[in-house]
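What follows is a short report on a single structure.
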Amino acid sequence: MAFGQILVNWLLLGSLYGAVALGVSLVWGIMNIVNLAHGAFVILGAYAAFWMYTQLHIDPYISIPLTMAFLFIIGWIVQYTLINRVIRAPFLVTFLLTFGLDLLIIDLVQQIFTSDLRSVNTIYAGSGLDIGSTHIAFDRLIAAAIAIVLTAALNYFLTHTREGNAILATGMDRDAARLMGINIRNTYALTFAIGAALAGAAGAMLAELYPFNPSNGDAFKLRAFAIVILGGLGSPWGALAGGLVFGLVETVVPLIPGVGPGYDDAIAFAVLVAVLIFRPDGLLGKPFYR
Amino acid sequence: MSDALSQPMASNSFGTNPSSAEQHNAPLLQLVDITKRFGGLSAVKDLSFSLQQGEILGVIGPNGAGKSTMVNLIGGSLAPTSGTIFYQGHDINRLPPHRRARLGIARTFQLTQPFIGLDIRENVMVGAFFGQRGLNRTGASRVADEVLERVNLAHKATFKGSQLTIADRKRLEIARALATNPQLLLLDEVMAGLTSTEVAQAVELIQQINKMGVTVLIIEHIVHAIATVSNRILVLHHGQKIAEDEPSQVLSDPKVIGAYLGERYAKERRAE
Amino acid sequence: MILRTKTAPTAKAPSLKQREERGWLWSLLLGLGILGLIATIPWFGDSSALHTWTLILMFVILAQSWNFIGGFTGYSAFGNVAFFGIGAYTTGLMLLSHQPFWLGLIADALVAALFAFLLGLPVLRLRGHYFAIATLGIAEALREFVAVRDIGGGGGGLMSLPLPSLDAYVGFFYAFLGLSLLCLLITVFLTRSRFGYALIAIRENEQAAEALGVPTYWYKVGSFVLSAVPTALAGGLYAYWATGFDPDTVFNVGISAEMVLLTYLGGSGTILGPLLGAIAFEYASFQLQTSGFSLHNTLLGLSIAIVTIFLPQGCVRLIQEFVRKPAPQSTSAHRLIEGVRRVRRFIAANGI
């Protein structure tokens with residue numbers, strides 16, 4: 001494969017990864033909760049987009065706001081009614097609970113949509129820009145753009161709005177934030193809901209780009225954490241940077257002679273442990289949320 | 001009771017009071033130019049002092065002066081950025097905390113955290129099992145009972161950690177440390193949060209422990225208590241030593257009054 | 001020290017002490033009794049009961065051995081299914097190369113111990129979330145590796161083994177039973193021994209344990225290995241028992257979550273918790289299955305939500321709370337009311 005094509009593939013894949021990891025990073029950084037149901041939220045987003053495409057004929061990219069709203073509501077309810085109850089429990093309890101939710105959601109999606117492989121075939125699927133021998137597919141280009149827009153928007157929201165500041169403050173010091181009059185329960189619900197909404201957006205992109213079935217969320221579980229850990233829990237941009245670095249690793253490692261394709265989780269695991277042991281704060285340094 | 005120490009100067013600390021002149025000459029513990037930086041902040045800076053066998057050294061200073069960092073450095077939970085710590089003449093910089101514990105350095109923690117899954121006797125038995133070598137269950141249990149008797153917790157031996165008052169938690173911290181059969185005991189604010197009666201009891205307990213041959217380094221904010229119990233007092237301020245002398249000298253030192261004790265304390269002292 | 005603090009009367013101490021001393025003994029006897037009852041199933045039950053209880057015992061072992069690292073040491077291993085899979089594949093490979101089954105199990109235990117040791121060295125430097133995610137990663141990565149390299153040889157890692165003889169199934173049952181008995185004894189040993197105290201101390205406060213002379217790192221690695229070996233042996237037994245399996249079955253992270261759930265349901269860090277939790281949940285699950293409810297993951301997910309939210313301390317602790325030191329000379333009705341009150345307080349304090 002030409003170098004230019006590898007570069008383009010990497011940038012597009014990396015930014016998609018960034019979008020998937022964005023919500024994980026936010027929820028983990030602010031609430032210190034590792035949300036294992038994130039993959040299930042991504043899948044819910046994908047099926048929501050798929051449903052709107054087949055039933056209402058709305059393009060998945062156009063329906064992203066609706067998908068995000070849907071996941072936002074689900075995220076809010078899950079946080080408010082379930083996770084809030086164990087927020088002070090040892091972390092394994094929340095870890096286990098989100099894993100249980102993951103199983104539950106995927107099983108339900110499977111009941112509704114079956115485990116058949118689904119895909120969205122837009123008219124522009126397959127078309128794109130050709131620069132020399134390098135092909136840039138439109139749908140991937142748009143996905144990368146959306147990923148960057150989401151990252152920038154989240155960053156702006158956190159630093160420039162009242163609610164965003166409340167989220168940051170809660171993440172830095174929950175008790176101090178409470179004393180300042182911030183409603184922790186609502187702030188957590190908002191944080192978790194935004195995380196779920198971001199997962200929904202990533203799911204819509206997934207639906208547009210790849211064929212998928214309910215168990216595809218698993219593929220993102222480990223990767224999302226590897227990406228978040230790579231980028232550090234620092235900021236939305238950290239997630240994007242982590243996504244790009246991880247995309248690079250995943251693009252390059254199968255090219256190493258003797259390795260070959262198929263080791264995605266093994267790569268994710270190796271990256272995860274290596275970063276945790278050698279650079280516990282991520283490549284970009286200091287933990288800012290905590 | 002078995003002896004965990006293999007160093008030449010080792011002596012069984014319970015019941016025996018080291019008296020040979022040689023032991024009094026070489027310091028038990030010596031810090032040489034110890035600096036600990038966290039990022040850009042120096043929590044401890046160029047700190048040097050030594051501790052003789054059998055002494056009680058008090059350490060005072062405002063919050064954030066580096067007192068707890070110092071205990072963590074000696075205990076081994078933190079590694080110094082530069083400088084060397086000698087214990088019984090050996091460089092212990094590279095030893096992990098559990099190795100230091102076996103050499104006879106025991107410590108308490110400012111935030112008491114009993115092992116709540118174990119009862120009080122079992123808490124203390126952990127210290128006996130791991131601070132001393134070759135104890136079986138009966139032996140460790142006996143050591144634990146002895147130590148609990150000494151700190152006056154024997155009647156609560158089967159209580160759970162969560163059932164203890166603050167004062168009892170502090171005693172438990174001391175008991176666990178004592179069960180390791182230490183040469184050197186580092187006490188990190190064991191009197192904080194106690195009533196004045198309990199403080200008096202604690203002072204008495206520390207003096208008793210010291211009489212049994214344990215060298216003590218004690219960090220405390222309760223100035224009158226530390227002045228009573230200590231042979232010498234060291235004052236830390238912004239991670240640096242600003243005074244080190246007998247209690248009466250230190251407490252009337254203008255630098256110490258300015259940095260820590262405050263003018264009101266000085267006036268009260270003069271009034272007395 | 002002469003000064004007495006305000007205390008409970010000293011006369012109370014000896015009786016209390018006896019109770020504590022007897023607690024583990026009661027648990028052991030009860031555990032032995034339960035396993036003894038289960039041991040009679042091959043005589044009275046039919047082949048489907050044998051099948052069901054063989055699998056229940058397997059989950060008992062998985063929960064019991066997860067309890068070593070998760071309950072005692074307090075390290076949230078989320079990838080213990082990796083050892084199950086390693087056990088299954090090691091034993092399977094030995095059988096395929098015409099080695100006797102017992103030799104396969106020995107190899108299985110050794111491989112798992114070595115793997116847990118080598119893997120424990122890096123991952124036990126991690127804590128909390130990071131440890132949990134890293135162990136989760138191990139299981140996923142191994143599943144993928146076995147599938148991609150097609151370790152089983154049947155495509156995608158699928159492994160098919162020669163069928164054991166028909167009367168071997170009672171043997172499998174007793175092998176699982178024996179292994180869970182061994183795990184019960186190890187658990188009792190942990191609550192009473194130097195090694196076990198060190199693990200509990202690590203769980204409660206690693207820094208304090210280290211300061212008391214516990215070489216925490218090596219004890220963590222030790223408990224990881226201790227947890228891996230029975231899990232792998234269960235995997236080896238399962239392999240021959242099931243004769244055919246693929247990586248998605250024996251490296252399924254859902255089984256890891258199930259180990260945690262079963263232990264939590266019964267009571268993490270207790271002697272009987274994993275045993276009771278596993279029996280209760282798996283038996284109910286089999287009953288549901290035979291009555292037509294096939295959504296195992298939905299059941300698992302719902303149970304996880306219910307247990308984590310309402311019962312994170314487990315049933316055994318509730319029972320302990322219920323029978324804890326009744327006031328002397330109280331009638332049994334009073335004791336009952338008092339016990340119920342205590343349990344309600346306990347749930348309120350530790351639950352939501």
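Convention: chains lettered A, B, ... in structure tokens order; per-chain residue numbering from 1; ligands numbered from 1 as shown.
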Could you pull the residues within 8 Å of Tyr80 of chain A, counting only C-alpha atoms, minus those fewer than 5 positions along the same chain, as a PyMOL selection string?
chain A and resi 185-186+189
Within 8 Å of Leu237 of chain C, counting only C-alpha atoms, which residues show up once you throw out same-chain ones fewer than 3 positions away? Write them as number ranges by chain, please.
C: 88, 105, 172, 175-176, 233-234, 240-241
Preceding selection exported with C-alpha atoms as a PDB file, in the first residue's frame:
```
ATOM      1  CA  ALA C  88      -8.876 -25.922  28.995  1.00  0.00           C
ATOM      2  CA  LEU C 105      -4.120 -31.651  34.463  1.00  0.00           C
ATOM      3  CA  PHE C 172     -15.822 -35.675  36.561  1.00  0.00           C
ATOM      4  CA  ALA C 175     -13.211 -34.373  40.566  1.00  0.00           C
ATOM      5  CA  PHE C 176     -15.037 -31.029  40.593  1.00  0.00           C
ATOM      6  CA  LEU C 233      -7.802 -27.057  36.823  1.00  0.00           C
ATOM      7  CA  ALA C 234     -11.525 -26.417  36.532  1.00  0.00           C
ATOM      8  CA  TYR C 240     -12.506 -33.102  28.750  1.00  0.00           C
ATOM      9  CA  TRP C 241     -16.031 -33.060  30.150  1.00  0.00           C
TER      10      TRP C 241
END
```
Contact residues around Phe109 of chain B with only C-alpha atoms at 12 Å, ignoring same-chain residues under 4 positions, as a PDB file with N, CA and C atoms, in the first residue's frame:
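Okay, result-v3.pdb is ready:
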```
ATOM      1  N   SER B  68       5.427  14.687  57.675  1.00  0.00           N
ATOM      2  CA  SER B  68       4.986  13.360  57.259  1.00  0.00           C
ATOM      3  C   SER B  68       5.828  12.830  56.102  1.00  0.00           C
ATOM      4  N   THR B  69       6.234  13.740  55.214  1.00  0.00           N
ATOM      5  CA  THR B  69       7.126  13.326  54.125  1.00  0.00           C
ATOM      6  C   THR B  69       8.394  12.718  54.707  1.00  0.00           C
ATOM      7  N   VAL B  71       8.755  11.206  57.603  1.00  0.00           N
ATOM      8  CA  VAL B  71       8.465   9.861  58.108  1.00  0.00           C
ATOM      9  C   VAL B  71       8.364   8.868  56.951  1.00  0.00           C
ATOM     10  N   ASN B  72       7.725   9.294  55.869  1.00  0.00           N
ATOM     11  CA  ASN B  72       7.622   8.413  54.705  1.00  0.00           C
ATOM     12  C   ASN B  72       8.984   8.097  54.110  1.00  0.00           C
ATOM     13  N   GLY B  75      10.606   5.655  56.595  1.00  0.00           N
ATOM     14  CA  GLY B  75       9.913   4.368  56.545  1.00  0.00           C
ATOM     15  C   GLY B  75      10.044   3.677  55.202  1.00  0.00           C
ATOM     16  N   SER B  77       8.326   4.533  52.281  1.00  0.00           N
ATOM     17  CA  SER B  77       7.237   4.633  51.298  1.00  0.00           C
ATOM     18  C   SER B  77       7.588   5.642  50.213  1.00  0.00           C
ATOM     19  N   GLN B 113      -5.873   3.413  60.064  1.00  0.00           N
ATOM     20  CA  GLN B 113      -6.730   2.530  59.290  1.00  0.00           C
ATOM     21  C   GLN B 113      -6.544   1.096  59.761  1.00  0.00           C
ATOM     22  N   PRO B 114      -7.309   0.678  60.768  1.00  0.00           N
ATOM     23  CA  PRO B 114      -7.214  -0.710  61.201  1.00  0.00           C
ATOM     24  C   PRO B 114      -7.610  -1.624  60.060  1.00  0.00           C
ATOM     25  N   ARG B 169      -7.961   3.592  68.313  1.00  0.00           N
ATOM     26  CA  ARG B 169      -7.347   3.358  67.000  1.00  0.00           C
ATOM     27  C   ARG B 169      -5.879   3.751  67.019  1.00  0.00           C
ATOM     28  N   LYS B 170      -5.611   4.863  67.698  1.00  0.00           N
ATOM     29  CA  LYS B 170      -4.211   5.314  67.799  1.00  0.00           C
ATOM     30  C   LYS B 170      -3.386   4.289  68.575  1.00  0.00           C
ATOM     31  N   ARG B 171      -3.980   3.760  69.647  1.00  0.00           N
ATOM     32  CA  ARG B 171      -3.275   2.722  70.410  1.00  0.00           C
ATOM     33  C   ARG B 171      -3.006   1.507  69.547  1.00  0.00           C
ATOM     34  N   LEU B 172      -4.003   1.168  68.731  1.00  0.00           N
ATOM     35  CA  LEU B 172      -3.847  -0.003  67.863  1.00  0.00           C
ATOM     36  C   LEU B 172      -2.700   0.224  66.878  1.00  0.00           C
ATOM     37  N   GLU B 173      -2.623   1.443  66.344  1.00  0.00           N
ATOM     38  CA  GLU B 173      -1.505   1.768  65.454  1.00  0.00           C
ATOM     39  C   GLU B 173      -0.182   1.495  66.160  1.00  0.00           C
ATOM     40  N   ILE B 174      -0.087   1.977  67.394  1.00  0.00           N
ATOM     41  CA  ILE B 174       1.154   1.796  68.161  1.00  0.00           C
ATOM     42  C   ILE B 174       1.382   0.318  68.435  1.00  0.00           C
ATOM     43  N   ARG B 176       0.373  -2.328  66.762  1.00  0.00           N
ATOM     44  CA  ARG B 176       0.812  -3.049  65.567  1.00  0.00           C
ATOM     45  C   ARG B 176       2.293  -2.809  65.303  1.00  0.00           C
ATOM     46  N   ALA B 177       2.692  -1.538  65.463  1.00  0.00           N
ATOM     47  CA  ALA B 177       4.097  -1.203  65.235  1.00  0.00           C
ATOM     48  C   ALA B 177       4.984  -1.900  66.259  1.00  0.00           C
ATOM     49  N   LEU B 185      10.933   3.632  66.475  1.00  0.00           N
ATOM     50  CA  LEU B 185       9.491   3.779  66.290  1.00  0.00           C
ATOM     51  C   LEU B 185       9.204   5.197  65.810  1.00  0.00           C
ATOM     52  N   LEU B 186       8.543   5.290  64.655  1.00  0.00           N
ATOM     53  CA  LEU B 186       8.190   6.596  64.105  1.00  0.00           C
ATOM     54  C   LEU B 186       6.711   6.834  64.378  1.00  0.00           C
ATOM     55  N   LEU B 187       6.419   7.851  65.167  1.00  0.00           N
ATOM     56  CA  LEU B 187       5.017   8.110  65.538  1.00  0.00           C
ATOM     57  C   LEU B 187       4.532   9.361  64.824  1.00  0.00           C
ATOM     58  N   ASP B 188       3.573   9.183  63.914  1.00  0.00           N
ATOM     59  CA  ASP B 188       3.082  10.313  63.122  1.00  0.00           C
ATOM     60  C   ASP B 188       1.739  10.780  63.687  1.00  0.00           C
ATOM     61  N   GLU B 189       1.795  11.834  64.493  1.00  0.00           N
ATOM     62  CA  GLU B 189       0.592  12.432  65.089  1.00  0.00           C
ATOM     63  C   GLU B 189      -0.319  11.419  65.775  1.00  0.00           C
ATOM     64  N   VAL B 190       0.245  10.694  66.716  1.00  0.00           N
ATOM     65  CA  VAL B 190      -0.591   9.722  67.422  1.00  0.00           C
ATOM     66  C   VAL B 190      -1.465  10.377  68.478  1.00  0.00           C
ATOM     67  N   MET B 191      -1.279  11.675  68.726  1.00  0.00           N
ATOM     68  CA  MET B 191      -2.094  12.309  69.761  1.00  0.00           C
ATOM     69  C   MET B 191      -3.175  13.214  69.172  1.00  0.00           C
ATOM     70  N   ALA B 192      -3.163  13.394  67.868  1.00  0.00           N
ATOM     71  CA  ALA B 192      -4.138  14.292  67.248  1.00  0.00           C
ATOM     72  C   ALA B 192      -5.546  13.769  67.509  1.00  0.00           C
ATOM     73  N   ILE B 218       8.977  11.308  67.130  1.00  0.00           N
ATOM     74  CA  ILE B 218       7.552  11.612  67.254  1.00  0.00           C
ATOM     75  C   ILE B 218       7.202  12.957  66.618  1.00  0.00           C
ATOM     76  N   ILE B 219       6.200  12.928  65.783  1.00  0.00           N
ATOM     77  CA  ILE B 219       5.688  14.142  65.160  1.00  0.00           C
ATOM     78  C   ILE B 219       4.408  14.518  65.881  1.00  0.00           C
TER      79      ILE B 219
ATOM     80  N   ASN C 205      -5.293  -2.129  53.705  1.00  0.00           N
ATOM     81  CA  ASN C 205      -4.394  -0.985  53.652  1.00  0.00           C
ATOM     82  C   ASN C 205      -3.007  -1.464  53.272  1.00  0.00           C
ATOM     83  N   GLN C 207      -0.374   0.075  52.254  1.00  0.00           N
ATOM     84  CA  GLN C 207       0.773   0.814  52.773  1.00  0.00           C
ATOM     85  C   GLN C 207       1.083   0.392  54.214  1.00  0.00           C
ATOM     86  N   ALA C 208       0.027   0.247  55.015  1.00  0.00           N
ATOM     87  CA  ALA C 208       0.236  -0.151  56.407  1.00  0.00           C
ATOM     88  C   ALA C 208       0.786  -1.573  56.457  1.00  0.00           C
ATOM     89  N   ALA C 209       0.295  -2.449  55.584  1.00  0.00           N
ATOM     90  CA  ALA C 209       0.793  -3.823  55.561  1.00  0.00           C
ATOM     91  C   ALA C 209       2.285  -3.831  55.266  1.00  0.00           C
ATOM     92  N   GLU C 210       2.656  -3.053  54.268  1.00  0.00           N
ATOM     93  CA  GLU C 210       4.065  -2.966  53.884  1.00  0.00           C
ATOM     94  C   GLU C 210       4.905  -2.458  55.063  1.00  0.00           C
ATOM     95  N   ALA C 211       4.377  -1.455  55.766  1.00  0.00           N
ATOM     96  CA  ALA C 211       5.127  -0.879  56.883  1.00  0.00           C
ATOM     97  C   ALA C 211       5.271  -1.860  58.042  1.00  0.00           C
ATOM     98  N   LEU C 212       4.390  -2.852  58.099  1.00  0.00           N
ATOM     99  CA  LEU C 212       4.502  -3.850  59.163  1.00  0.00           C
ATOM    100  C   LEU C 212       5.397  -5.013  58.741  1.00  0.00           C
TER     101      LEU C 212
END
```
With only C-alpha atoms considered, list every residue of chain A at most 8 Å from chain C, as number ranges by chain.
A: 34, 82, 85-86, 91-94, 96-97, 99-104, 107-108, 222, 225, 262-263, 265-269, 272-273, 276-277
Kindly export the residues of the current selection with C-alpha atoms, as a compact mmCIF listing (two decimals), in the first residue's frame.
```txt
# COMPACT_ATOMS: atom_id res chain seq x y z
CA VAL A 34 -14.81 3.08 34.18
CA LEU A 82 -28.56 2.98 38.92
CA ARG A 85 -26.65 4.45 44.04
CA VAL A 86 -23.21 2.88 44.09
CA PHE A 91 -14.82 0.87 42.40
CA LEU A 92 -15.22 -2.83 41.57
CA VAL A 93 -18.92 -2.44 42.28
CA THR A 94 -19.35 0.23 39.62
CA LEU A 96 -19.16 -4.81 37.72
CA LEU A 97 -22.41 -2.87 37.44
CA PHE A 99 -20.32 -4.63 32.86
CA GLY A 100 -23.71 -6.05 33.78
CA LEU A 101 -25.42 -3.18 31.98
CA ASP A 102 -23.30 -3.92 28.95
CA LEU A 103 -24.45 -7.55 28.92
CA LEU A 104 -28.03 -6.50 29.45
CA ASP A 107 -28.73 -8.92 24.91
CA LEU A 108 -31.78 -6.67 24.54
CA LEU A 222 -10.70 -2.56 25.38
CA PHE A 225 -9.61 2.24 27.48
CA GLY A 262 -6.10 -10.07 13.71
CA TYR A 263 -4.37 -9.08 16.92
CA ASP A 265 -7.18 -6.82 21.31
CA ALA A 266 -3.68 -8.09 21.93
CA ILE A 267 -2.32 -4.79 20.62
CA ALA A 268 -4.76 -2.87 22.79
CA PHE A 269 -3.73 -4.91 25.80
CA LEU A 272 -2.52 -0.51 27.81
CA VAL A 273 -0.12 -2.31 30.10
CA LEU A 276 0.22 2.07 32.56
CA ILE A 277 3.58 0.83 33.71
```
